file coords34.pdb (PDB, C-alpha atoms, pLDDT in the B column)
ATOM      1  CA  MET A   1      77.375  13.909  68.354  1.00 79.00           C
ATOM      2  CA  LEU A   2      75.858  14.505  71.794  1.00 82.00           C
ATOM      3  CA  ARG A   3      73.142  11.948  71.121  1.00 80.00           C
ATOM      4  CA  SER A   4      75.697   9.401  69.906  1.00 77.00           C
ATOM      5  CA  GLU A   5      77.411   9.786  73.299  1.00 80.00           C
ATOM      6  CA  GLY A   6      74.158   9.029  75.138  1.00 85.00           C
ATOM      7  CA  TRP A   7      72.850  12.539  75.884  1.00 86.00           C
ATOM      8  CA  ARG A   8      69.087  13.077  75.703  1.00 87.00           C
ATOM      9  CA  VAL A   9      69.075  16.597  74.329  1.00 85.00           C
ATOM     10  CA  ASN A  10      66.831  18.795  72.183  1.00 85.00           C
ATOM     11  CA  HIS A  11      68.531  20.450  69.200  1.00 82.00           C
ATOM     12  CA  LYS A  12      66.978  23.845  70.040  1.00 85.00           C
ATOM     13  CA  ARG A  13      68.636  23.851  73.442  1.00 86.00           C
ATOM     14  CA  VAL A  14      71.985  23.064  71.847  1.00 86.00           C
ATOM     15  CA  GLU A  15      71.474  25.899  69.378  1.00 83.00           C
ATOM     16  CA  ARG A  16      70.720  28.338  72.227  1.00 86.00           C
ATOM     17  CA  ILE A  17      73.894  27.336  74.071  1.00 87.00           C
ATOM     18  CA  TRP A  18      75.785  27.620  70.781  1.00 84.00           C
ATOM     19  CA  ARG A  19      74.641  31.222  70.324  1.00 84.00           C
ATOM     20  CA  GLN A  20      75.161  32.177  73.987  1.00 88.00           C
ATOM     21  CA  GLU A  21      78.751  30.955  73.861  1.00 87.00           C
ATOM     22  CA  GLY A  22      79.437  33.020  70.750  1.00 82.00           C
ATOM     23  CA  LEU A  23      80.471  30.010  68.717  1.00 79.00           C
ATOM     24  CA  LYS A  24      80.923  30.289  64.983  1.00 68.00           C
ATOM     25  CA  VAL A  25      77.710  30.389  62.971  1.00 61.00           C
ATOM     26  CA  PRO A  26      77.982  29.084  59.392  1.00 63.00           C
ATOM     27  CA  LYS A  27      77.871  31.942  56.909  1.00 64.00           C
ATOM     28  CA  LYS A  28      75.098  32.079  54.364  1.00 62.00           C
ATOM     29  CA  GLN A  29      76.574  30.885  51.099  1.00 62.00           C
ATOM     30  CA  PRO A  30      76.175  33.065  47.986  1.00 66.00           C
ATOM     31  CA  LYS A  31      74.151  31.644  45.145  1.00 61.00           C
ATOM     32  CA  ARG A  32      76.228  29.936  42.480  1.00 58.00           C
ATOM     33  CA  GLY A  33      75.465  28.701  39.010  1.00 57.00           C
ATOM     34  CA  ARG A  34      73.696  25.337  38.971  1.00 53.00           C
ATOM     35  CA  LEU A  35      75.957  22.444  38.052  1.00 53.00           C
ATOM     36  CA  TRP A  36      73.133  20.184  36.835  1.00 51.00           C
ATOM     37  CA  LEU A  37      70.078  21.160  34.814  1.00 48.00           C
ATOM     38  CA  ASN A  38      66.565  20.403  36.060  1.00 46.00           C
ATOM     39  CA  ASP A  39      66.008  17.978  33.186  1.00 42.00           C
ATOM     40  CA  GLY A  40      68.715  15.716  34.603  1.00 42.00           C
ATOM     41  CA  SER A  41      71.287  16.251  31.884  1.00 40.00           C
ATOM     42  CA  CYS A  42      74.835  16.661  33.130  1.00 42.00           C
ATOM     43  CA  ILE A  43      76.778  19.852  32.622  1.00 50.00           C
ATOM     44  CA  ARG A  44      79.477  18.586  34.958  1.00 66.00           C
ATOM     45  CA  LEU A  45      79.517  14.991  36.060  1.00 77.00           C
ATOM     46  CA  ARG A  46      77.714  14.260  39.322  1.00 84.00           C
ATOM     47  CA  PRO A  47      78.932  11.324  41.490  1.00 88.00           C
ATOM     48  CA  MET A  48      76.471   8.445  41.333  1.00 89.00           C
ATOM     49  CA  HIS A  49      78.162   5.677  43.337  1.00 90.00           C
ATOM     50  CA  ARG A  50      81.251   4.818  45.368  1.00 90.00           C
ATOM     51  CA  ASP A  51      84.510   5.333  43.449  1.00 92.00           C
ATOM     52  CA  HIS A  52      82.657   7.024  40.600  1.00 93.00           C
ATOM     53  CA  VAL A  53      84.293  10.433  41.095  1.00 93.00           C
ATOM     54  CA  TRP A  54      87.234  11.326  43.320  1.00 94.00           C
ATOM     55  CA  SER A  55      88.517  14.856  43.777  1.00 94.00           C
ATOM     56  CA  TYR A  56      91.699  16.333  45.145  1.00 94.00           C
ATOM     57  CA  ASP A  57      93.187  19.717  45.933  1.00 93.00           C
ATOM     58  CA  PHE A  58      96.055  21.403  47.770  1.00 93.00           C
ATOM     59  CA  MET A  59      96.107  23.542  50.899  1.00 94.00           C
ATOM     60  CA  GLU A  60      98.946  25.399  52.600  1.00 95.00           C
ATOM     61  CA  GLU A  61      99.909  25.921  56.238  1.00 96.00           C
ATOM     62  CA  ARG A  62     103.082  26.993  58.044  1.00 95.00           C
ATOM     63  CA  THR A  63     104.990  25.717  61.036  1.00 95.00           C
ATOM     64  CA  THR A  64     106.079  28.125  63.768  1.00 95.00           C
ATOM     65  CA  ASP A  65     109.451  28.642  62.072  1.00 95.00           C
ATOM     66  CA  GLY A  66     107.659  30.136  59.075  1.00 94.00           C
ATOM     67  CA  ARG A  67     108.350  27.238  56.728  1.00 95.00           C
ATOM     68  CA  LYS A  68     105.586  26.220  54.359  1.00 96.00           C
ATOM     69  CA  VAL A  69     103.624  22.960  54.657  1.00 96.00           C
ATOM     70  CA  ARG A  70     101.656  21.644  51.678  1.00 96.00           C
ATOM     71  CA  ILE A  71      98.622  19.436  52.196  1.00 96.00           C
ATOM     72  CA  LEU A  72      97.049  17.260  49.486  1.00 96.00           C
ATOM     73  CA  SER A  73      93.546  15.958  50.286  1.00 96.00           C
ATOM     74  CA  ILE A  74      91.818  13.236  48.247  1.00 95.00           C
ATOM     75  CA  ILE A  75      88.143  12.365  48.769  1.00 95.00           C
ATOM     76  CA  ASP A  76      85.457  10.139  47.289  1.00 94.00           C
ATOM     77  CA  GLU A  77      82.715  12.581  46.294  1.00 92.00           C
ATOM     78  CA  TYR A  78      79.851  10.096  46.666  1.00 91.00           C
ATOM     79  CA  THR A  79      80.678   8.676  50.108  1.00 91.00           C
ATOM     80  CA  ARG A  80      82.445  11.879  51.315  1.00 91.00           C
ATOM     81  CA  GLU A  81      85.228   9.674  52.710  1.00 93.00           C
ATOM     82  CA  CYS A  82      88.681  11.226  52.870  1.00 94.00           C
ATOM     83  CA  LEU A  83      90.826   8.607  51.169  1.00 94.00           C
ATOM     84  CA  HIS A  84      94.169  10.128  52.040  1.00 94.00           C
ATOM     85  CA  ILE A  85      95.913  13.321  53.140  1.00 96.00           C
ATOM     86  CA  VAL A  86      99.544  13.904  52.238  1.00 95.00           C
ATOM     87  CA  THR A  87     101.453  16.442  54.349  1.00 96.00           C
ATOM     88  CA  ALA A  88     104.932  17.532  53.266  1.00 96.00           C
ATOM     89  CA  ARG A  89     107.160  20.550  52.775  1.00 95.00           C
ATOM     90  CA  ARG A  90     106.982  20.176  49.003  1.00 94.00           C
ATOM     91  CA  LEU A  91     104.613  18.244  46.750  1.00 92.00           C
ATOM     92  CA  ASN A  92     104.922  17.902  42.989  1.00 91.00           C
ATOM     93  CA  SER A  93     103.401  15.853  40.181  1.00 90.00           C
ATOM     94  CA  GLN A  94     105.507  12.791  41.054  1.00 91.00           C
ATOM     95  CA  ASP A  95     104.132  12.877  44.599  1.00 92.00           C
ATOM     96  CA  VAL A  96     100.613  12.998  43.145  1.00 92.00           C
ATOM     97  CA  ILE A  97     101.410   9.940  41.010  1.00 92.00           C
ATOM     98  CA  ASN A  98     102.830   8.061  43.997  1.00 92.00           C
ATOM     99  CA  VAL A  99      99.787   8.589  46.207  1.00 93.00           C
ATOM    100  CA  LEU A 100      97.354   7.785  43.388  1.00 93.00           C
ATOM    101  CA  PHE A 101      99.278   4.617  42.559  1.00 90.00           C
ATOM    102  CA  THR A 102      99.044   3.471  46.185  1.00 92.00           C
ATOM    103  CA  LEU A 103      95.328   4.262  46.391  1.00 93.00           C
ATOM    104  CA  PHE A 104      94.609   2.459  43.120  1.00 93.00           C
ATOM    105  CA  ILE A 105      96.276  -0.689  44.441  1.00 90.00           C
ATOM    106  CA  HIS A 106      94.535  -0.715  47.833  1.00 89.00           C
ATOM    107  CA  ARG A 107      91.213   0.931  46.954  1.00 88.00           C
ATOM    108  CA  GLY A 108      90.617   0.373  43.249  1.00 90.00           C
ATOM    109  CA  VAL A 109      90.473   2.657  40.224  1.00 93.00           C
ATOM    110  CA  PRO A 110      87.816   5.420  40.118  1.00 94.00           C
ATOM    111  CA  GLY A 111      85.881   6.389  37.025  1.00 92.00           C
ATOM    112  CA  TYR A 112      86.926  10.040  37.172  1.00 93.00           C
ATOM    113  CA  ILE A 113      89.083  12.444  39.162  1.00 93.00           C
ATOM    114  CA  ARG A 114      88.058  16.087  39.518  1.00 92.00           C
ATOM    115  CA  SER A 115      90.571  18.875  40.157  1.00 90.00           C
ATOM    116  CA  ASP A 116      91.568  22.391  39.284  1.00 87.00           C
ATOM    117  CA  ASN A 117      94.155  23.159  36.621  1.00 86.00           C
ATOM    118  CA  GLY A 118      97.151  23.253  38.958  1.00 86.00           C
ATOM    119  CA  PRO A 119     100.476  22.164  37.411  1.00 86.00           C
ATOM    120  CA  GLU A 120     100.652  19.082  39.655  1.00 85.00           C
ATOM    121  CA  PHE A 121      97.325  17.825  38.248  1.00 86.00           C
ATOM    122  CA  VAL A 122      97.724  18.672  34.556  1.00 85.00           C
ATOM    123  CA  ALA A 123     101.308  17.376  34.349  1.00 85.00           C
ATOM    124  CA  LYS A 124     101.897  15.032  31.409  1.00 86.00           C
ATOM    125  CA  ALA A 125     102.997  12.120  33.603  1.00 87.00           C
ATOM    126  CA  VAL A 126      99.844  12.329  35.743  1.00 90.00           C
ATOM    127  CA  ARG A 127      97.562  12.440  32.714  1.00 89.00           C
ATOM    128  CA  GLN A 128      99.398   9.546  31.096  1.00 89.00           C
ATOM    129  CA  LEU A 129      98.949   7.373  34.198  1.00 88.00           C
ATOM    130  CA  LEU A 130      95.247   8.173  34.424  1.00 91.00           C
ATOM    131  CA  GLY A 131      94.785   7.664  30.703  1.00 90.00           C
ATOM    132  CA  ARG A 132      96.403   4.216  30.763  1.00 90.00           C
ATOM    133  CA  LEU A 133      94.046   3.138  33.531  1.00 90.00           C
ATOM    134  CA  GLY A 134      90.958   4.601  31.897  1.00 91.00           C
ATOM    135  CA  VAL A 135      90.407   7.252  34.590  1.00 92.00           C
ATOM    136  CA  GLY A 136      88.653  10.330  33.223  1.00 89.00           C
ATOM    137  CA  THR A 137      89.921  13.776  34.198  1.00 87.00           C
ATOM    138  CA  LEU A 138      87.434  16.510  35.134  1.00 87.00           C
ATOM    139  CA  PHE A 139      89.097  19.918  35.227  1.00 84.00           C
ATOM    140  CA  ILE A 140      87.069  22.818  36.590  1.00 81.00           C
ATOM    141  CA  GLU A 141      86.979  26.213  34.902  1.00 75.00           C
ATOM    142  CA  PRO A 142      89.788  28.557  36.055  1.00 74.00           C
ATOM    143  CA  GLY A 143      88.703  30.787  38.926  1.00 71.00           C
ATOM    144  CA  SER A 144      85.610  28.683  39.692  1.00 72.00           C
ATOM    145  CA  PRO A 145      86.358  26.774  42.926  1.00 74.00           C
ATOM    146  CA  TRP A 146      82.640  26.128  43.542  1.00 71.00           C
ATOM    147  CA  GLU A 147      82.744  23.704  40.596  1.00 76.00           C
ATOM    148  CA  ASN A 148      84.939  21.527  42.825  1.00 82.00           C
ATOM    149  CA  GLY A 149      82.557  21.909  45.737  1.00 85.00           C
ATOM    150  CA  TYR A 150      83.076  18.551  47.460  1.00 89.00           C
ATOM    151  CA  ILE A 151      86.789  18.976  48.061  1.00 92.00           C
ATOM    152  CA  GLU A 152      86.379  22.702  48.771  1.00 91.00           C
ATOM    153  CA  SER A 153      83.833  21.843  51.475  1.00 90.00           C
ATOM    154  CA  PHE A 154      86.125  19.192  52.945  1.00 93.00           C
ATOM    155  CA  ASN A 155      89.125  21.523  52.991  1.00 94.00           C
ATOM    156  CA  GLY A 156      86.992  24.192  54.652  1.00 92.00           C
ATOM    157  CA  LYS A 157      86.152  21.760  57.466  1.00 92.00           C
ATOM    158  CA  LEU A 158      89.808  20.807  57.806  1.00 95.00           C
ATOM    159  CA  ARG A 159      90.738  24.490  57.988  1.00 94.00           C
ATOM    160  CA  ASP A 160      88.035  25.453  60.516  1.00 90.00           C
ATOM    161  CA  GLU A 161      88.260  22.403  62.769  1.00 91.00           C
ATOM    162  CA  LEU A 162      92.019  21.830  62.849  1.00 94.00           C
ATOM    163  CA  LEU A 163      94.378  24.141  60.976  1.00 94.00           C
ATOM    164  CA  ASN A 164      92.946  27.349  62.449  1.00 92.00           C
ATOM    165  CA  ARG A 165      93.004  25.864  65.966  1.00 91.00           C
ATOM    166  CA  GLU A 166      96.477  24.333  66.119  1.00 93.00           C
ATOM    167  CA  ILE A 167     100.017  25.687  66.119  1.00 93.00           C
ATOM    168  CA  PHE A 168     102.376  23.279  64.379  1.00 95.00           C
ATOM    169  CA  THR A 169     105.951  23.416  65.605  1.00 95.00           C
ATOM    170  CA  THR A 170     107.279  20.658  63.331  1.00 96.00           C
ATOM    171  CA  LEU A 171     106.286  18.866  60.148  1.00 96.00           C
ATOM    172  CA  LEU A 172     105.930  15.599  62.063  1.00 96.00           C
ATOM    173  CA  GLU A 173     103.480  17.204  64.493  1.00 96.00           C
ATOM    174  CA  ALA A 174     101.423  18.486  61.567  1.00 96.00           C
ATOM    175  CA  LYS A 175     101.378  15.029  59.956  1.00 96.00           C
ATOM    176  CA  VAL A 176     100.216  13.302  63.152  1.00 96.00           C
ATOM    177  CA  LEU A 177      97.479  15.819  64.002  1.00 96.00           C
ATOM    178  CA  ILE A 178      96.165  15.982  60.443  1.00 96.00           C
ATOM    179  CA  GLU A 179      96.026  12.190  60.157  1.00 95.00           C
ATOM    180  CA  ASN A 180      94.259  11.933  63.526  1.00 95.00           C
ATOM    181  CA  TRP A 181      91.708  14.470  62.332  1.00 95.00           C
ATOM    182  CA  ARG A 182      91.211  12.534  59.068  1.00 94.00           C
ATOM    183  CA  ARG A 183      90.464   9.325  60.975  1.00 93.00           C
ATOM    184  CA  HIS A 184      88.039  11.160  63.257  1.00 91.00           C
ATOM    185  CA  TYR A 185      86.332  12.720  60.221  1.00 92.00           C
ATOM    186  CA  ASN A 186      85.942   9.323  58.541  1.00 92.00           C
ATOM    187  CA  THR A 187      84.819   7.254  61.514  1.00 89.00           C
ATOM    188  CA  VAL A 188      83.241   9.579  64.130  1.00 86.00           C
ATOM    189  CA  ARG A 189      82.231  12.954  62.742  1.00 85.00           C
ATOM    190  CA  PRO A 190      78.598  12.895  61.469  1.00 82.00           C
ATOM    191  CA  HIS A 191      77.913  14.146  57.946  1.00 79.00           C
ATOM    192  CA  SER A 192      74.551  15.751  57.155  1.00 76.00           C
ATOM    193  CA  SER A 193      74.388  14.368  53.601  1.00 75.00           C
ATOM    194  CA  LEU A 194      74.801  10.820  54.960  1.00 76.00           C
ATOM    195  CA  GLY A 195      71.956  11.030  57.468  1.00 75.00           C
ATOM    196  CA  TYR A 196      74.383  12.250  60.158  1.00 75.00           C
ATOM    197  CA  LYS A 197      76.555   9.160  59.921  1.00 81.00           C
ATOM    198  CA  PRO A 198      80.326   9.260  59.430  1.00 80.00           C
ATOM    199  CA  PRO A 199      81.586   8.583  55.876  1.00 83.00           C
ATOM    200  CA  ALA A 200      83.755   5.500  56.451  1.00 76.00           C
ATOM    201  CA  PRO A 201      81.030   2.968  57.393  1.00 59.00           C
ATOM    202  CA  GLU A 202      79.316   3.852  54.105  1.00 48.00           C
ATOM    203  CA  ALA A 203      82.509   3.233  52.161  1.00 48.00           C
ATOM    204  CA  MET A 204      84.347   0.369  53.839  1.00 46.00           C
ATOM    205  CA  LEU A 205      83.057  -2.550  51.810  1.00 43.00           C
ATOM    206  CA  PRO A 206      85.131  -5.498  50.572  1.00 42.00           C
ATOM    207  CA  LEU A 207      86.748  -4.899  47.204  1.00 42.00           C
ATOM    208  CA  GLY A 208      87.889  -7.421  44.645  1.00 42.00           C
ATOM    209  CA  ARG A 209      91.073  -6.819  42.699  1.00 44.00           C
ATOM    210  CA  SER A 210      90.396  -5.733  39.138  1.00 46.00           C
ATOM    211  CA  PRO A 211      92.569  -6.731  36.149  1.00 49.00           C
ATOM    212  CA  LEU A 212      93.913  -3.175  36.081  1.00 49.00           C
ATOM    213  CA  ILE A 213      95.140  -3.529  39.650  1.00 47.00           C
ATOM    214  CA  GLU A 214      96.782  -6.848  38.777  1.00 49.00           C
ATOM    215  CA  LYS A 215      98.623  -5.048  35.971  1.00 49.00           C
ATOM    216  CA  LEU A 216      99.701  -2.312  38.350  1.00 49.00           C
ATOM    217  CA  THR A 217     101.123  -4.763  40.875  1.00 47.00           C
ATOM    218  CA  LEU A 218     102.917  -6.678  38.113  1.00 49.00           C
ATOM    219  CA  GLY A 219     104.493  -3.474  36.877  1.00 51.00           C
ATOM    220  CA  VAL A 220     102.861  -3.494  33.440  1.00 45.00           C
ATOM    221  CA  VAL A 221     101.773   0.142  33.832  1.00 46.00           C
ATOM    222  CA  GLN A 222     104.852   2.252  34.490  1.00 46.00           C
TER     223      GLN A 222
END
call {"tool": "encode", "arguments": {"input": "coords34.pdb", "output": "structure tokens"}}
result
Amino acid sequence: MLRSEGWRVNHKRVERIWRQEGLKVPKKQPKRGRLWLNDGSCIRLRPMHRDHVWSYDFMEERTTDGRKVRILSIIDEYTRECLHIVTARRLNSQDVINVLFTLFIHRGVPGYIRSDNGPEFVAKAVRQLLGRLGVGTLFIEPGSPWENGYIESFNGKLRDELLNREIFTTLLEAKVLIENWRRHYNTVRPHSSLGYKPPAPEAMLPLGRSPLIEKLTLGVVQ
């Protein structure tokens, strides 16, 4: 980020300043079971291209009055782009359907969606919508969040870089700050897996409208 702003700086010097200032050092991650075998066969589907696999998950925060705020994050696992973040007091399966419907119209239909087994994701109405559009559902094993590593990593960044640093007095304030952070994440913040480029330039390509999207807009799929 310093270099993108025009600074001529050595990474070792930055690391020394980082340590001297007592800034947070990433913790060493424990070893987890491998998701893909060395022979290339898939145990759990690995994203291979844009809109191949999306994933979503919930987080919780509170405003200063103690009231709960629910946050639903949706990402494209291949490009790492955050497609949308919904922030509300309550979120249920109908809210999940609404946001997916909007994304399908404007973005297109993914091949699969990965999630945990939360009631909002396994609800009959959600599964029916995805089934009608040919979207596969990938549910992780209970108690195994590392199997949903892409969205867990994203939510960890959101927690460390925003939620743990801000005090939200109102729901509106939370919505504005979270959306601002999402835009910064997509368009400015470098991502190591993308060669230290932000996710959005990798993802923002022109999309044609598929027959499924035409059906959606005509109200064939209800």
call {"tool": "closest_residue", "arguments": {"input": "coords34.pdb", "among": "A:Arg107, A:Trp181, A:Asp95, A:Thr79", "to": "Ser193 in chain A", "atoms": "all atoms listed in the file"}}
result
A:Thr79
call {"tool": "closest_residue", "arguments": {"input": "coords34.pdb", "among": "A:Cys82, A:Arg50, A:Trp7, A:Leu172", "to": "His184 in chain A", "atoms": "only C-alpha atoms"}}
result
A:Cys82
call {"tool": "atom_distance", "arguments": {"input": "coords34.pdb", "atom1": "CA of Ala174 in chain A", "atom2": "CA of Lys157 in chain A"}}
result
16.1 Å
call {"tool": "closest_residue", "arguments": {"input": "coords34.pdb", "among": "A:Tyr112, A:Phe121, A:Trp18, A:Phe101", "to": "Ile75 in chain A", "atoms": "all atoms listed in the file"}}
result
A:Tyr112
call {"tool": "resolve_selection", "arguments": {"input": "coords34.pdb", "expression": "the PyMOL selection byres ((chain A and resi 178) around 10)", "output": "list in words"}}
result
Ile71, Ile85, Val86, Thr87, Leu158, Leu162, Leu163, Leu172, Glu173, Ala174, Lys175, Val176, Leu177, Glu179, Asn180, Trp181, Arg182, Arg183 and His184 of chain A
call {"tool": "closest_residue", "arguments": {"input": "coords34.pdb", "among": "A:Arg80, A:His52, A:Arg132, A:Arg16", "to": "Ile113 in chain A", "atoms": "only C-alpha atoms"}}
result
A:His52
call {"tool": "residues_around", "arguments": {"input": "coords34.pdb", "residues": "range 58-70 of chain A", "least_positions_apart": "4", "cutoff": "7 Å", "atoms": "only C-alpha atoms", "output": "list of chain:residue names"}}
result
A:Thr87, A:Ala88, A:Arg89, A:Arg90, A:Leu91, A:Ile167, A:Phe168, A:Thr169, A:Thr170
call {"tool": "resolve_selection", "arguments": {"input": "coords34.pdb", "expression": "the PyMOL selection byres ((chain A and resi 93) around 10)", "output": "list of chain:residue names"}}
result
A:Leu91, A:Asn92, A:Gln94, A:Asp95, A:Val96, A:Ile97, A:Asn98, A:Gly118, A:Pro119, A:Glu120, A:Phe121, A:Val122, A:Ala123, A:Lys124, A:Ala125, A:Val126
call {"tool": "closest_residue", "arguments": {"input": "coords34.pdb", "among": "A:Ile17, A:Pro110, A:Asn164, A:Gly131", "to": "His49 in chain A", "atoms": "only C-alpha atoms"}}
result
A:Pro110
call {"tool": "atom_distance", "arguments": {"input": "coords34.pdb", "atom1": "CA of Leu130 in chain A", "atom2": "CA of Pro198 in chain A"}}
result
29.1 Å
call {"tool": "resolve_selection", "arguments": {"input": "coords34.pdb", "expression": "the PyMOL selection byres ((chain A and resi 144) around 12)", "output": "list in words"}}
result
Arg32, Gly33, Leu35, Ser115, Asp116, Asn117, Phe139, Ile140, Glu141, Pro142, Gly143, Pro145, Trp146, Glu147, Asn148, Gly149 and Glu152 of chain A
call {"tool": "closest_residue", "arguments": {"input": "coords34.pdb", "among": "A:Arg46, A:Leu133, A:Glu21, A:Glu161", "to": "Gly108 in chain A", "atoms": "only C-alpha atoms"}}
result
A:Leu133
call {"tool": "atom_distance", "arguments": {"input": "coords34.pdb", "atom1": "CA of Leu171 in chain A", "atom2": "CA of Leu100 in chain A"}}
result
22.0 Å
call {"tool": "residues_around", "arguments": {"input": "coords34.pdb", "residues": "Glu81 in chain A", "least_positions_apart": "3", "cutoff": "12 Å", "atoms": "only C-alpha atoms", "output": "PyMOL selection string"}}
result
chain A and resi 50-51+53-56+73-78+84-85+150-151+154+182-191+193-194+197-204
call {"tool": "build_atoms", "arguments": {"input": "coords34.pdb", "residues": "range 45-58 of chain A", "atoms": "N, CA, C and O atoms", "output": "short mmCIF file (atom, residue, chain, number, x, y, z; two decimals), in the coordinates of the input"}}
result
data_model
loop_
_atom_site.label_atom_id
_atom_site.label_comp_id
_atom_site.auth_asym_id
_atom_site.auth_seq_id
_atom_site.Cartn_x
_atom_site.Cartn_y
_atom_site.Cartn_z
N LEU A 45 79.90 16.32 35.59
CA LEU A 45 79.52 14.99 36.06
C LEU A 45 79.24 14.96 37.56
O LEU A 45 80.06 15.41 38.36
N ARG A 46 78.11 14.39 37.93
CA ARG A 46 77.71 14.26 39.32
C ARG A 46 78.02 12.84 39.80
O ARG A 46 77.74 11.87 39.09
N PRO A 47 78.61 12.67 41.00
CA PRO A 47 78.93 11.32 41.49
C PRO A 47 77.66 10.51 41.74
O PRO A 47 76.73 10.98 42.38
N MET A 48 77.66 9.28 41.24
CA MET A 48 76.47 8.44 41.33
C MET A 48 76.67 7.21 42.21
O MET A 48 75.70 6.58 42.61
N HIS A 49 77.89 6.85 42.51
CA HIS A 49 78.16 5.68 43.34
C HIS A 49 79.59 5.76 43.86
O HIS A 49 80.38 6.62 43.46
N ARG A 50 79.91 4.87 44.78
CA ARG A 50 81.25 4.82 45.37
C ARG A 50 82.31 4.63 44.28
O ARG A 50 82.13 3.84 43.35
N ASP A 51 83.39 5.39 44.39
CA ASP A 51 84.51 5.33 43.45
C ASP A 51 84.11 5.74 42.03
O ASP A 51 84.81 5.40 41.07
N HIS A 52 83.03 6.47 41.91
CA HIS A 52 82.66 7.02 40.60
C HIS A 52 83.50 8.26 40.30
O HIS A 52 84.12 8.36 39.24
N VAL A 53 83.52 9.20 41.26
CA VAL A 53 84.29 10.43 41.10
C VAL A 53 85.08 10.70 42.37
O VAL A 53 84.49 10.78 43.46
N TRP A 54 86.39 10.83 42.24
CA TRP A 54 87.23 11.33 43.32
C TRP A 54 87.58 12.78 43.00
O TRP A 54 87.46 13.23 41.85
N SER A 55 88.00 13.51 44.01
CA SER A 55 88.52 14.86 43.78
C SER A 55 89.66 15.12 44.73
O SER A 55 89.74 14.53 45.81
N TYR A 56 90.56 16.00 44.30
CA TYR A 56 91.70 16.33 45.14
C TYR A 56 92.10 17.78 44.94
O TYR A 56 91.80 18.40 43.93
N ASP A 57 92.77 18.31 45.97
CA ASP A 57 93.19 19.72 45.93
C ASP A 57 94.26 19.94 46.99
O ASP A 57 94.41 19.15 47.93
N PHE A 58 94.99 21.05 46.84
CA PHE A 58 96.06 21.40 47.77
C PHE A 58 95.60 22.49 48.74
O PHE A 58 94.74 23.32 48.43
#
